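Q: So here's my_file_39.tsv, just TSV, N, CA, C and O atoms and all ligand atoms:
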chain	number	residue	atom	x	y	z
A	1	MET	N	0.84	-1.20	0.00
A	1	MET	CA	0.00	0.00	0.00
A	1	MET	C	0.88	1.25	0.00
A	1	MET	O	1.86	1.33	0.72
A	2	GLU	N	0.51	2.21	-0.87
A	2	GLU	CA	1.31	3.43	-0.97
A	2	GLU	C	1.09	4.35	0.22
A	2	GLU	O	0.01	4.39	0.78
A	3	GLU	N	2.15	5.05	0.57
A	3	GLU	CA	2.05	6.04	1.65
A	3	GLU	C	1.19	7.21	1.17
A	3	GLU	O	1.23	7.56	0.00
A	4	PRO	N	0.42	7.81	2.06
A	4	PRO	CA	-0.33	9.00	1.64
A	4	PRO	C	0.62	10.12	1.26
A	4	PRO	O	1.68	10.28	1.86
A	5	VAL	N	0.24	10.86	0.23
A	5	VAL	CA	1.08	11.95	-0.27
A	5	VAL	C	0.81	13.22	0.52
A	5	VAL	O	-0.34	13.59	0.71
A	6	GLU	N	1.87	13.83	1.00
A	6	GLU	CA	1.72	15.13	1.66
A	6	GLU	C	1.98	16.22	0.64
A	6	GLU	O	3.09	16.34	0.13
A	7	PHE	N	0.95	16.98	0.32
A	7	PHE	CA	1.08	18.03	-0.67
A	7	PHE	C	1.64	19.29	-0.03
A	7	PHE	O	1.07	19.79	0.93
A	8	PRO	N	2.76	19.80	-0.54
A	8	PRO	CA	3.30	21.06	0.00
A	8	PRO	C	2.43	22.24	-0.40
A	8	PRO	O	1.62	22.16	-1.32
A	9	VAL	N	2.60	23.33	0.33
A	9	VAL	CA	1.85	24.55	0.05
A	9	VAL	C	2.79	25.56	-0.60
A	9	VAL	O	3.90	25.79	-0.12
A	10	CYS	N	2.35	26.14	-1.70
A	10	CYS	CA	3.14	27.17	-2.40
A	10	CYS	C	3.19	28.42	-1.53
A	10	CYS	O	2.35	28.62	-0.64
A	11	GLY	N	4.14	29.28	-1.80
A	11	GLY	CA	4.26	30.53	-1.06
A	11	GLY	C	3.03	31.42	-1.20
A	11	GLY	O	2.79	32.30	-0.37
A	12	CYS	N	2.23	31.19	-2.23
A	12	CYS	CA	1.02	32.00	-2.44
A	12	CYS	C	-0.13	31.49	-1.58
A	12	CYS	O	-1.19	32.11	-1.54
A	13	GLY	N	0.06	30.35	-0.91
A	13	GLY	CA	-0.97	29.82	-0.03
A	13	GLY	C	-1.80	28.71	-0.63
A	13	GLY	O	-2.63	28.11	0.04
A	14	ILE	N	-1.63	28.42	-1.90
A	14	ILE	CA	-2.39	27.37	-2.58
A	14	ILE	C	-1.66	26.04	-2.44
A	14	ILE	O	-0.42	25.99	-2.54
A	15	LEU	N	-2.43	24.98	-2.20
A	15	LEU	CA	-1.86	23.64	-2.11
A	15	LEU	C	-1.29	23.26	-3.48
A	15	LEU	O	-1.95	23.41	-4.50
A	16	ALA	N	-0.05	22.78	-3.51
A	16	ALA	CA	0.58	22.40	-4.77
A	16	ALA	C	-0.12	21.19	-5.36
A	16	ALA	O	-0.73	20.40	-4.64
A	17	GLN	N	-0.02	21.04	-6.67
A	17	GLN	CA	-0.59	19.89	-7.37
A	17	GLN	C	0.54	18.97	-7.82
A	17	GLN	O	1.64	19.42	-8.12
A	18	LEU	N	0.20	17.69	-7.88
A	18	LEU	CA	1.15	16.70	-8.38
A	18	LEU	C	0.99	16.64	-9.90
A	18	LEU	O	-0.10	16.36	-10.41
A	19	LYS	N	2.06	16.94	-10.63
A	19	LYS	CA	2.00	16.99	-12.08
A	19	LYS	C	3.06	16.05	-12.66
A	19	LYS	O	3.94	15.59	-11.93
A	20	THR	N	2.97	15.80	-13.95
A	20	THR	CA	3.94	14.93	-14.62
A	20	THR	C	4.69	15.73	-15.67
A	20	THR	O	4.07	16.42	-16.48
A	21	SER	N	6.00	15.63	-15.65
A	21	SER	CA	6.83	16.31	-16.64
A	21	SER	C	6.84	15.52	-17.93
A	21	SER	O	6.95	14.30	-17.92
A	22	TRP	N	6.73	16.23	-19.06
A	22	TRP	CA	6.84	15.59	-20.38
A	22	TRP	C	8.04	16.13	-21.12
A	22	TRP	O	8.14	15.99	-22.34
A	23	SER	N	8.97	16.74	-20.38
A	23	SER	CA	10.16	17.28	-21.03
A	23	SER	C	11.10	16.13	-21.42
A	23	SER	O	11.02	15.03	-20.87
A	24	ILE	N	11.98	16.41	-22.37
A	24	ILE	CA	12.94	15.40	-22.83
A	24	ILE	C	13.92	15.06	-21.70
A	24	ILE	O	14.31	13.91	-21.53
A	25	ASP	N	14.30	16.06	-20.93
A	25	ASP	CA	15.27	15.83	-19.86
A	25	ASP	C	14.69	15.02	-18.70
A	25	ASP	O	15.43	14.27	-18.05
A	26	ASN	N	13.41	15.19	-18.42
A	26	ASN	CA	12.80	14.50	-17.28
A	26	ASN	C	11.47	13.86	-17.66
A	26	ASN	O	10.42	14.25	-17.17
A	27	PRO	N	11.51	12.86	-18.54
A	27	PRO	CA	10.26	12.28	-19.02
A	27	PRO	C	9.51	11.53	-17.92
A	27	PRO	O	10.08	10.71	-17.21
A	28	ARG	N	8.24	11.84	-17.80
A	28	ARG	CA	7.31	11.16	-16.89
A	28	ARG	C	7.69	11.26	-15.42
A	28	ARG	O	7.25	10.46	-14.61
A	29	MET	N	8.52	12.22	-15.10
A	29	MET	CA	8.87	12.46	-13.69
A	29	MET	C	7.76	13.31	-13.08
A	29	MET	O	7.31	14.28	-13.68
A	30	ARG	N	7.34	12.94	-11.88
A	30	ARG	CA	6.28	13.70	-11.22
A	30	ARG	C	6.90	14.77	-10.31
A	30	ARG	O	7.96	14.56	-9.72
A	31	PHE	N	6.21	15.90	-10.26
A	31	PHE	CA	6.70	17.00	-9.44
A	31	PHE	C	5.52	17.76	-8.85
A	31	PHE	O	4.39	17.67	-9.33
A	32	PHE	N	5.80	18.50	-7.79
A	32	PHE	CA	4.80	19.38	-7.22
A	32	PHE	C	4.97	20.75	-7.84
A	32	PHE	O	6.08	21.27	-7.95
A	33	GLY	N	3.86	21.35	-8.23
A	33	GLY	CA	3.89	22.69	-8.78
A	33	GLY	C	2.65	23.44	-8.36
A	33	GLY	O	1.62	22.83	-8.05
A	34	CYS	N	2.75	24.75	-8.34
A	34	CYS	CA	1.59	25.56	-7.98
A	34	CYS	C	0.50	25.38	-9.03
A	34	CYS	O	0.79	25.25	-10.22
A	35	LYS	N	-0.74	25.35	-8.59
A	35	LYS	CA	-1.88	25.14	-9.48
A	35	LYS	C	-1.93	26.19	-10.58
A	35	LYS	O	-2.23	25.90	-11.72
A	36	ASP	N	-1.62	27.41	-10.22
A	36	ASP	CA	-1.78	28.52	-11.15
A	36	ASP	C	-0.43	29.19	-11.41
A	36	ASP	O	-0.30	30.40	-11.32
A	37	HIS	N	0.56	28.39	-11.75
A	37	HIS	CA	1.91	28.93	-11.87
A	37	HIS	C	2.09	29.87	-13.05
A	37	HIS	O	3.08	30.56	-13.14
A	38	GLY	N	1.12	29.91	-13.97
A	38	GLY	CA	1.25	30.76	-15.14
A	38	GLY	C	0.97	32.22	-14.87
A	38	GLY	O	1.46	33.10	-15.58
A	39	SER	N	0.21	32.52	-13.82
A	39	SER	CA	-0.15	33.92	-13.57
A	39	SER	C	1.05	34.67	-12.98
A	39	SER	O	1.97	34.07	-12.43
A	40	LEU	N	1.04	35.98	-13.11
A	40	LEU	CA	2.17	36.79	-12.63
A	40	LEU	C	2.39	36.61	-11.15
A	40	LEU	O	3.53	36.47	-10.68
A	41	LEU	N	1.30	36.59	-10.36
A	41	LEU	CA	1.43	36.45	-8.90
A	41	LEU	C	2.12	35.15	-8.55
A	41	LEU	O	3.08	35.12	-7.78
A	42	HIS	N	1.68	34.06	-9.14
A	42	HIS	CA	2.23	32.74	-8.79
A	42	HIS	C	3.60	32.51	-9.40
A	42	HIS	O	4.41	31.78	-8.86
A	43	ARG	N	3.84	33.16	-10.54
A	43	ARG	CA	5.15	33.01	-11.17
A	43	ARG	C	6.25	33.56	-10.25
A	43	ARG	O	7.37	33.08	-10.25
A	44	ALA	N	5.89	34.55	-9.45
A	44	ALA	CA	6.86	35.16	-8.54
A	44	ALA	C	7.36	34.14	-7.51
A	44	ALA	O	8.51	34.17	-7.10
A	45	TYR	N	6.49	33.20	-7.11
A	45	TYR	CA	6.90	32.20	-6.11
A	45	TYR	C	7.73	31.08	-6.72
A	45	TYR	O	8.57	30.49	-6.08
A	46	ARG	N	7.44	30.76	-8.00
A	46	ARG	CA	8.16	29.70	-8.72
A	46	ARG	C	8.27	28.43	-7.88
A	46	ARG	O	9.33	27.82	-7.78
A	47	PHE	N	7.16	28.04	-7.29
A	47	PHE	CA	7.19	26.85	-6.45
A	47	PHE	C	7.38	25.61	-7.30
A	47	PHE	O	6.67	25.38	-8.28
A	48	PHE	N	8.35	24.80	-6.93
A	48	PHE	CA	8.64	23.59	-7.68
A	48	PHE	C	9.38	22.61	-6.77
A	48	PHE	O	10.29	23.01	-6.05
A	49	SER	N	8.97	21.36	-6.79
A	49	SER	CA	9.64	20.34	-5.99
A	49	SER	C	9.42	18.99	-6.63
A	49	SER	O	8.28	18.63	-6.98
A	50	TRP	N	10.47	18.21	-6.84
A	50	TRP	CA	10.32	16.88	-7.42
A	50	TRP	C	9.61	15.96	-6.45
A	50	TRP	O	9.85	15.99	-5.24
A	51	PHE	N	8.71	15.13	-6.97
A	51	PHE	CA	8.05	14.10	-6.17
A	51	PHE	C	8.80	12.78	-6.31
A	51	PHE	O	9.10	12.11	-5.34
A	52	ASP	N	9.14	12.43	-7.55
A	52	ASP	CA	9.90	11.20	-7.80
A	52	ASP	C	11.38	11.49	-7.58
A	52	ASP	O	11.86	12.59	-7.87
A	53	PRO	N	12.10	10.49	-7.10
A	53	PRO	CA	13.55	10.68	-6.97
A	53	PRO	C	14.17	10.87	-8.35
A	53	PRO	O	13.73	10.26	-9.32
A	54	LEU	N	15.18	11.73	-8.45
A	54	LEU	CA	15.81	12.00	-9.74
A	54	LEU	C	16.50	10.74	-10.25
A	54	LEU	O	17.06	9.96	-9.48
A	55	MET	N	16.45	10.58	-11.57
A	55	MET	CA	17.07	9.41	-12.19
A	55	MET	C	18.56	9.64	-12.40
A	55	MET	O	19.00	10.77	-12.57
A	56	THR	N	19.28	8.54	-12.46
A	56	THR	CA	20.69	8.64	-12.83
A	56	THR	C	20.74	8.92	-14.34
A	56	THR	O	19.78	8.62	-15.06
A	57	PRO	N	21.86	9.47	-14.84
A	57	PRO	CA	21.96	9.72	-16.29
A	57	PRO	C	21.74	8.44	-17.10
A	57	PRO	O	21.09	8.47	-18.14
A	58	HIS	N	22.24	7.30	-16.61
A	58	HIS	CA	22.07	6.04	-17.33
A	58	HIS	C	20.59	5.65	-17.39
A	58	HIS	O	20.08	5.27	-18.46
A	59	ALA	N	19.90	5.74	-16.27
A	59	ALA	CA	18.47	5.39	-16.23
A	59	ALA	C	17.67	6.30	-17.16
A	59	ALA	O	16.74	5.85	-17.84
A	60	ARG	N	18.05	7.58	-17.23
A	60	ARG	CA	17.36	8.52	-18.11
A	60	ARG	C	17.54	8.12	-19.57
A	60	ARG	O	16.59	8.12	-20.35
A	61	VAL	N	18.77	7.73	-19.96
A	61	VAL	CA	19.03	7.30	-21.34
A	61	VAL	C	18.22	6.05	-21.68
A	61	VAL	O	17.61	5.95	-22.74
A	62	VAL	N	18.18	5.11	-20.72
A	62	VAL	CA	17.42	3.87	-20.95
A	62	VAL	C	15.94	4.19	-21.12
A	62	VAL	O	15.28	3.70	-22.06
A	63	LEU	N	15.39	5.03	-20.25
A	63	LEU	CA	13.97	5.38	-20.32
A	63	LEU	C	13.65	6.10	-21.63
A	63	LEU	O	12.65	5.79	-22.29
A	64	LEU	N	14.50	7.04	-22.03
A	64	LEU	CA	14.27	7.75	-23.29
A	64	LEU	C	14.29	6.79	-24.48
A	64	LEU	O	13.48	6.91	-25.40
A	65	GLY	N	15.21	5.82	-24.45
A	65	GLY	CA	15.27	4.82	-25.52
A	65	GLY	C	13.99	4.00	-25.59
A	65	GLY	O	13.45	3.76	-26.66
A	66	LEU	N	13.49	3.61	-24.42
A	66	LEU	CA	12.25	2.82	-24.38
A	66	LEU	C	11.07	3.65	-24.88
A	66	LEU	O	10.22	3.15	-25.62
A	67	LEU	N	10.99	4.91	-24.47
A	67	LEU	CA	9.89	5.77	-24.91
A	67	LEU	C	9.92	5.97	-26.43
A	67	LEU	O	8.89	5.94	-27.08
A	68	LYS	N	11.14	6.15	-26.99
A	68	LYS	CA	11.26	6.31	-28.44
A	68	LYS	C	10.78	5.04	-29.15
A	68	LYS	O	10.10	5.11	-30.16
A	69	ARG	N	11.16	3.88	-28.60
A	69	ARG	CA	10.77	2.62	-29.22
A	69	ARG	C	9.24	2.45	-29.18
A	69	ARG	O	8.62	2.04	-30.14
A	70	ILE	N	8.63	2.80	-28.04
A	70	ILE	CA	7.17	2.70	-27.91
A	70	ILE	C	6.50	3.62	-28.92
A	70	ILE	O	5.56	3.23	-29.60
A	71	ASN	N	7.00	4.87	-29.04
A	71	ASN	CA	6.41	5.82	-29.99
A	71	ASN	C	6.53	5.32	-31.42
A	71	ASN	O	5.60	5.44	-32.21
A	72	LYS	N	7.68	4.75	-31.76
A	72	LYS	CA	7.91	4.24	-33.11
A	72	LYS	C	6.94	3.09	-33.40
A	72	LYS	O	6.32	3.04	-34.47
A	73	ASN	N	6.77	2.17	-32.43
A	73	ASN	CA	5.83	1.06	-32.61
A	73	ASN	C	4.40	1.56	-32.76
A	73	ASN	O	3.63	1.02	-33.55
A	74	GLU	N	4.05	2.59	-32.01
A	74	GLU	CA	2.69	3.15	-32.09
A	74	GLU	C	2.44	3.76	-33.46
A	74	GLU	O	1.37	3.58	-34.05
A	75	VAL	N	3.42	4.47	-34.01
A	75	VAL	CA	3.28	5.08	-35.34
A	75	VAL	C	3.11	3.98	-36.39
A	75	VAL	O	2.24	4.06	-37.26
A	76	GLN	N	3.91	2.91	-36.28
A	76	GLN	CA	3.80	1.80	-37.24
A	76	GLN	C	2.43	1.13	-37.14
A	76	GLN	O	1.83	0.77	-38.15
A	77	ARG	N	1.94	0.96	-35.91
A	77	ARG	CA	0.63	0.33	-35.71
A	77	ARG	C	-0.48	1.18	-36.34
A	77	ARG	O	-1.38	0.67	-37.00
A	78	ARG	N	-0.40	2.50	-36.16
A	78	ARG	CA	-1.40	3.39	-36.75
A	78	ARG	C	-1.34	3.37	-38.27
A	78	ARG	O	-2.36	3.43	-38.94
A	79	LYS	N	-0.13	3.31	-38.84
A	79	LYS	CA	0.01	3.26	-40.30
A	79	LYS	C	-0.64	1.99	-40.84
A	79	LYS	O	-1.33	2.01	-41.87
A	80	LYS	N	-0.43	0.86	-40.13
A	80	LYS	CA	-1.03	-0.41	-40.58
A	80	LYS	C	-2.54	-0.33	-40.53
A	80	LYS	O	-3.23	-0.78	-41.45
A	81	ARG	N	-3.08	0.24	-39.44
A	81	ARG	CA	-4.53	0.36	-39.32
A	81	ARG	C	-5.10	1.24	-40.43
A	81	ARG	O	-6.13	0.93	-41.01
A	82	LEU	N	-4.43	2.34	-40.74
A	82	LEU	CA	-4.87	3.25	-41.80
A	82	LEU	C	-4.83	2.54	-43.14
A	82	LEU	O	-5.76	2.66	-43.96
A	83	CYS	N	-3.78	1.78	-43.36
A	83	CYS	CA	-3.64	1.04	-44.61
A	83	CYS	C	-4.79	0.03	-44.77
A	83	CYS	O	-5.41	-0.04	-45.83
A	84	TRP	N	-5.09	-0.70	-43.72
A	84	TRP	CA	-6.19	-1.68	-43.78
A	84	TRP	C	-7.53	-0.98	-43.98
A	84	TRP	O	-8.41	-1.48	-44.69
A	85	PHE	N	-7.69	0.19	-43.38
A	85	PHE	CA	-8.93	0.95	-43.55
A	85	PHE	C	-9.10	1.36	-45.02
A	85	PHE	O	-10.16	1.19	-45.61
A	86	ILE	N	-8.03	1.86	-45.63
A	86	ILE	CA	-8.08	2.29	-47.03
A	86	ILE	C	-8.37	1.10	-47.93
A	86	ILE	O	-9.20	1.18	-48.84
A	87	ILE	N	-7.72	-0.03	-47.67
A	87	ILE	CA	-7.96	-1.24	-48.47
A	87	ILE	C	-9.42	-1.66	-48.36
A	87	ILE	O	-10.07	-2.01	-49.34
A	88	SER	N	-9.96	-1.60	-47.13
A	88	SER	CA	-11.36	-1.98	-46.91
A	88	SER	C	-12.30	-1.07	-47.69
A	88	SER	O	-13.25	-1.53	-48.32
A	89	VAL	N	-12.05	0.24	-47.64
A	89	VAL	CA	-12.90	1.19	-48.35
A	89	VAL	C	-12.84	0.95	-49.85
A	89	VAL	O	-13.87	0.93	-50.54
A	90	VAL	N	-11.63	0.73	-50.36
A	90	VAL	CA	-11.46	0.47	-51.80
A	90	VAL	C	-12.22	-0.80	-52.19
A	90	VAL	O	-12.91	-0.83	-53.21
A	91	CYS	N	-12.13	-1.84	-51.38
A	91	CYS	CA	-12.83	-3.10	-51.67
A	91	CYS	C	-14.34	-2.89	-51.69
A	91	CYS	O	-15.05	-3.38	-52.59
A	92	ILE	N	-14.86	-2.16	-50.71
A	92	ILE	CA	-16.30	-1.90	-50.64
A	92	ILE	C	-16.77	-1.11	-51.86
A	92	ILE	O	-17.77	-1.44	-52.49
A	93	VAL	N	-16.00	-0.09	-52.24
A	93	VAL	CA	-16.35	0.73	-53.41
A	93	VAL	C	-16.34	-0.12	-54.67
A	93	VAL	O	-17.23	-0.03	-55.51
A	94	MET	N	-15.34	-1.00	-54.80
A	94	MET	CA	-15.24	-1.86	-55.98
A	94	MET	C	-16.41	-2.83	-56.04
A	94	MET	O	-16.95	-3.09	-57.13
A	95	ILE	N	-16.83	-3.36	-54.89
A	95	ILE	CA	-17.96	-4.29	-54.87
A	95	ILE	C	-19.24	-3.57	-55.30
A	95	ILE	O	-20.05	-4.12	-56.05
A	96	TRP	N	-19.42	-2.34	-54.83
A	96	TRP	CA	-20.63	-1.58	-55.18
A	96	TRP	C	-20.70	-1.23	-56.66
A	96	TRP	O	-21.74	-1.26	-57.27
A	97	PHE	N	-19.56	-0.89	-57.26
A	97	PHE	CA	-19.57	-0.37	-58.63
A	97	PHE	C	-19.21	-1.41	-59.68
A	97	PHE	O	-19.17	-1.09	-60.87
A	98	VAL	N	-18.91	-2.62	-59.29
A	98	VAL	CA	-18.55	-3.63	-60.29
A	98	VAL	C	-19.71	-4.59	-60.50
A	98	VAL	O	-20.49	-4.85	-59.67
B	101	ZN	ZN	1.47	29.60	-6.03
As a first step, turn the structure in this file into structure tokens.
Ligand SMILES: [Zn+2]
A:
Amino acid sequence: MEEPVEFPVCGCGILAQLKTSWSIDNPRMRFFGCKDHGSLLHRAYRFFSWFDPLMTPHARVVLLGLLKRINKNEVQRRKKRLCWFIISVVCIVMIWFV
């Protein structure tokens, strides 16, 4: 069972939210950030704290490689599905008009 998460409070008084990073440097790493960090008031506090422990450079390279492989497989799968869809449509049209 996971430990309950203690959410820190930003300097602006708002409870921080748990978010996920999608940056290349820190893929899928979770961090605490202010809910409204885009506004001028909250930008001044720049509240930020990692939730997940930082990865070693080696672990980061391995994770990035795996993510690239997953994305490549997903693109190939979508291309195959599109190809089969086009073939199906062409077959249906040919059956109707022949
Ligand atoms: Zn804030």
Q: Just checking: using only N, CA, C and O atoms and all ligand atoms, which residue out of A:Val62, A:Cys12, A:Met94, A:Cys83 ends up closest to ligand ZN 101 (chain B)?
A: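 Of A:Val62, A:Cys12, A:Met94, A:Cys83, the one nearest ligand ZN 101 (chain B), counting only N, CA, C and O atoms and all ligand atoms, is A:Cys12.
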Q: If you run DSSP on the backbone here, which positions in chain A get strand (DSSP E or B)? Please write them as a ChimeraX atom specification.
A: /A:9,15,17-20,30-33,48-50
Q: Would you mind listing what lies within 10 Å of segment 13-18 of chain A as a PyMOL selection string, with only C-alpha atoms counted and same-chain residues fewer than 3 positions away left out?
A: chain A and resi 5-10+30-37+42+47-51
Q: State, in Å with one decimal place, the distance from atom CA of Arg81 of chain A to atom O of Arg69 of chain A.
A: 16.1 Å
Q: Between atom O of Met55 of chain A and atom ZN of ligand ZN 101 (chain B), what distance in Å does the model show, to one decimal?
A: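 Going from atom O of Met55 of chain A over to atom ZN of ligand ZN 101 (chain B) covers 26.5 Å.
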Q: Take atom C of Val75 of chain A and atom N of Arg60 of chain A and report the distance between them in Å, one decimal.
A: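 That distance, rounded to one decimal, is 24.6 Å.
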Q: Which residue gives the smallest distance to ligand ZN 101 (chain B) among A:Trp22, A:Trp96, A:Met29, A:Arg46, with only N, CA, C and O atoms and all ligand atoms counted?
A: A:Arg46
Q: Using only C-alpha atoms and all ligand atoms for the distances, tell me which of A:Asp25, A:Ser88, A:Gly11, A:Pro53 is nearest to ligand ZN 101 (chain B).
A: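 With only C-alpha atoms and all ligand atoms as the atom set, the closest residue is A:Gly11.
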Q: Considering only N, CA, C and O atoms and all ligand atoms, state which residue in the set A:Glu3, A:Ile92, A:Tyr45, A:Val98 is at the smallest distance from ligand ZN 101 (chain B).
A: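 Closest candidate: A:Tyr45.
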Q: DSSP says alpha helix (DSSP H) for which residues of chain A? Put them as an MDAnalysis selection string?
A: chainID A and resid 40:45 57:97
Q: Please output segment 25-34 of chain A, rebuilt to include all heavy atoms, as a PDB file, in the frame of the given file.
A:
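Resulting contents of result-v4.pdb:
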ATOM      1  N   ASP A  25      14.300  16.060 -20.930  1.00  0.00           N
ATOM      2  CA  ASP A  25      15.270  15.830 -19.860  1.00  0.00           C
ATOM      3  C   ASP A  25      14.690  15.020 -18.700  1.00  0.00           C
ATOM      4  O   ASP A  25      15.430  14.270 -18.050  1.00  0.00           O
ATOM      5  CB  ASP A  25      15.776  17.164 -19.319  1.00  0.00           C
ATOM      6  CG  ASP A  25      16.702  17.842 -20.310  1.00  0.00           C
ATOM      7  OD1 ASP A  25      17.232  17.138 -21.190  1.00  0.00           O
ATOM      8  OD2 ASP A  25      16.883  19.054 -20.200  1.00  0.00           O
ATOM      9  N   ASN A  26      13.410  15.190 -18.420  1.00  0.00           N
ATOM     10  CA  ASN A  26      12.800  14.500 -17.280  1.00  0.00           C
ATOM     11  C   ASN A  26      11.470  13.860 -17.660  1.00  0.00           C
ATOM     12  O   ASN A  26      10.420  14.250 -17.170  1.00  0.00           O
ATOM     13  CB  ASN A  26      12.586  15.499 -16.126  1.00  0.00           C
ATOM     14  CG  ASN A  26      13.876  16.106 -15.665  1.00  0.00           C
ATOM     15  OD1 ASN A  26      14.745  15.419 -15.157  1.00  0.00           O
ATOM     16  ND2 ASN A  26      14.029  17.405 -15.871  1.00  0.00           N
ATOM     17  N   PRO A  27      11.510  12.860 -18.540  1.00  0.00           N
ATOM     18  CA  PRO A  27      10.260  12.280 -19.020  1.00  0.00           C
ATOM     19  C   PRO A  27       9.510  11.530 -17.920  1.00  0.00           C
ATOM     20  O   PRO A  27      10.080  10.710 -17.210  1.00  0.00           O
ATOM     21  CB  PRO A  27      10.709  11.320 -20.122  1.00  0.00           C
ATOM     22  CG  PRO A  27      12.113  10.969 -19.754  1.00  0.00           C
ATOM     23  CD  PRO A  27      12.680  12.178 -19.082  1.00  0.00           C
ATOM     24  N   ARG A  28       8.240  11.840 -17.800  1.00  0.00           N
ATOM     25  CA  ARG A  28       7.310  11.160 -16.890  1.00  0.00           C
ATOM     26  C   ARG A  28       7.690  11.260 -15.420  1.00  0.00           C
ATOM     27  O   ARG A  28       7.250  10.460 -14.610  1.00  0.00           O
ATOM     28  CB  ARG A  28       7.138   9.699 -17.315  1.00  0.00           C
ATOM     29  CG  ARG A  28       6.578   9.629 -18.711  1.00  0.00           C
ATOM     30  CD  ARG A  28       6.161   8.267 -19.086  1.00  0.00           C
ATOM     31  NE  ARG A  28       5.695   8.320 -20.465  1.00  0.00           N
ATOM     32  CZ  ARG A  28       5.163   7.311 -21.108  1.00  0.00           C
ATOM     33  NH1 ARG A  28       5.012   6.179 -20.514  1.00  0.00           N
ATOM     34  NH2 ARG A  28       4.774   7.442 -22.332  1.00  0.00           N
ATOM     35  N   MET A  29       8.520  12.220 -15.100  1.00  0.00           N
ATOM     36  CA  MET A  29       8.870  12.460 -13.690  1.00  0.00           C
ATOM     37  C   MET A  29       7.760  13.310 -13.080  1.00  0.00           C
ATOM     38  O   MET A  29       7.310  14.280 -13.680  1.00  0.00           O
ATOM     39  CB  MET A  29      10.199  13.198 -13.584  1.00  0.00           C
ATOM     40  CG  MET A  29      11.389  12.363 -14.004  1.00  0.00           C
ATOM     41  SD  MET A  29      11.936  11.278 -12.698  1.00  0.00           S
ATOM     42  CE  MET A  29      12.568  12.472 -11.551  1.00  0.00           C
ATOM     43  N   ARG A  30       7.340  12.940 -11.880  1.00  0.00           N
ATOM     44  CA  ARG A  30       6.280  13.700 -11.220  1.00  0.00           C
ATOM     45  C   ARG A  30       6.900  14.770 -10.310  1.00  0.00           C
ATOM     46  O   ARG A  30       7.960  14.560  -9.720  1.00  0.00           O
ATOM     47  CB  ARG A  30       5.387  12.766 -10.410  1.00  0.00           C
ATOM     48  CG  ARG A  30       4.550  11.861 -11.308  1.00  0.00           C
ATOM     49  CD  ARG A  30       3.770  10.863 -10.539  1.00  0.00           C
ATOM     50  NE  ARG A  30       4.686   9.950  -9.838  1.00  0.00           N
ATOM     51  CZ  ARG A  30       4.298   9.032  -8.969  1.00  0.00           C
ATOM     52  NH1 ARG A  30       3.035   8.895  -8.674  1.00  0.00           N
ATOM     53  NH2 ARG A  30       5.187   8.250  -8.387  1.00  0.00           N
ATOM     54  N   PHE A  31       6.210  15.900 -10.260  1.00  0.00           N
ATOM     55  CA  PHE A  31       6.700  17.000  -9.440  1.00  0.00           C
ATOM     56  C   PHE A  31       5.520  17.760  -8.850  1.00  0.00           C
ATOM     57  O   PHE A  31       4.390  17.670  -9.330  1.00  0.00           O
ATOM     58  CB  PHE A  31       7.564  17.955 -10.279  1.00  0.00           C
ATOM     59  CG  PHE A  31       6.824  18.637 -11.402  1.00  0.00           C
ATOM     60  CD1 PHE A  31       6.271  19.897 -11.222  1.00  0.00           C
ATOM     61  CD2 PHE A  31       6.672  18.014 -12.624  1.00  0.00           C
ATOM     62  CE1 PHE A  31       5.576  20.532 -12.250  1.00  0.00           C
ATOM     63  CE2 PHE A  31       5.984  18.633 -13.659  1.00  0.00           C
ATOM     64  CZ  PHE A  31       5.442  19.891 -13.470  1.00  0.00           C
ATOM     65  N   PHE A  32       5.800  18.500  -7.790  1.00  0.00           N
ATOM     66  CA  PHE A  32       4.800  19.380  -7.220  1.00  0.00           C
ATOM     67  C   PHE A  32       4.970  20.750  -7.840  1.00  0.00           C
ATOM     68  O   PHE A  32       6.080  21.270  -7.950  1.00  0.00           O
ATOM     69  CB  PHE A  32       4.978  19.494  -5.700  1.00  0.00           C
ATOM     70  CG  PHE A  32       4.606  18.241  -4.962  1.00  0.00           C
ATOM     71  CD1 PHE A  32       5.582  17.481  -4.343  1.00  0.00           C
ATOM     72  CD2 PHE A  32       3.294  17.834  -4.879  1.00  0.00           C
ATOM     73  CE1 PHE A  32       5.253  16.328  -3.658  1.00  0.00           C
ATOM     74  CE2 PHE A  32       2.949  16.672  -4.200  1.00  0.00           C
ATOM     75  CZ  PHE A  32       3.933  15.916  -3.580  1.00  0.00           C
ATOM     76  N   GLY A  33       3.860  21.350  -8.230  1.00  0.00           N
ATOM     77  CA  GLY A  33       3.890  22.690  -8.780  1.00  0.00           C
ATOM     78  C   GLY A  33       2.650  23.440  -8.360  1.00  0.00           C
ATOM     79  O   GLY A  33       1.620  22.830  -8.050  1.00  0.00           O
ATOM     80  N   CYS A  34       2.750  24.750  -8.340  1.00  0.00           N
ATOM     81  CA  CYS A  34       1.590  25.560  -7.980  1.00  0.00           C
ATOM     82  C   CYS A  34       0.500  25.380  -9.030  1.00  0.00           C
ATOM     83  O   CYS A  34       0.790  25.250 -10.220  1.00  0.00           O
ATOM     84  CB  CYS A  34       1.993  27.022  -7.858  1.00  0.00           C
ATOM     85  SG  CYS A  34       0.646  28.052  -7.270  1.00  0.00           S
TER      86      CYS A  34
END
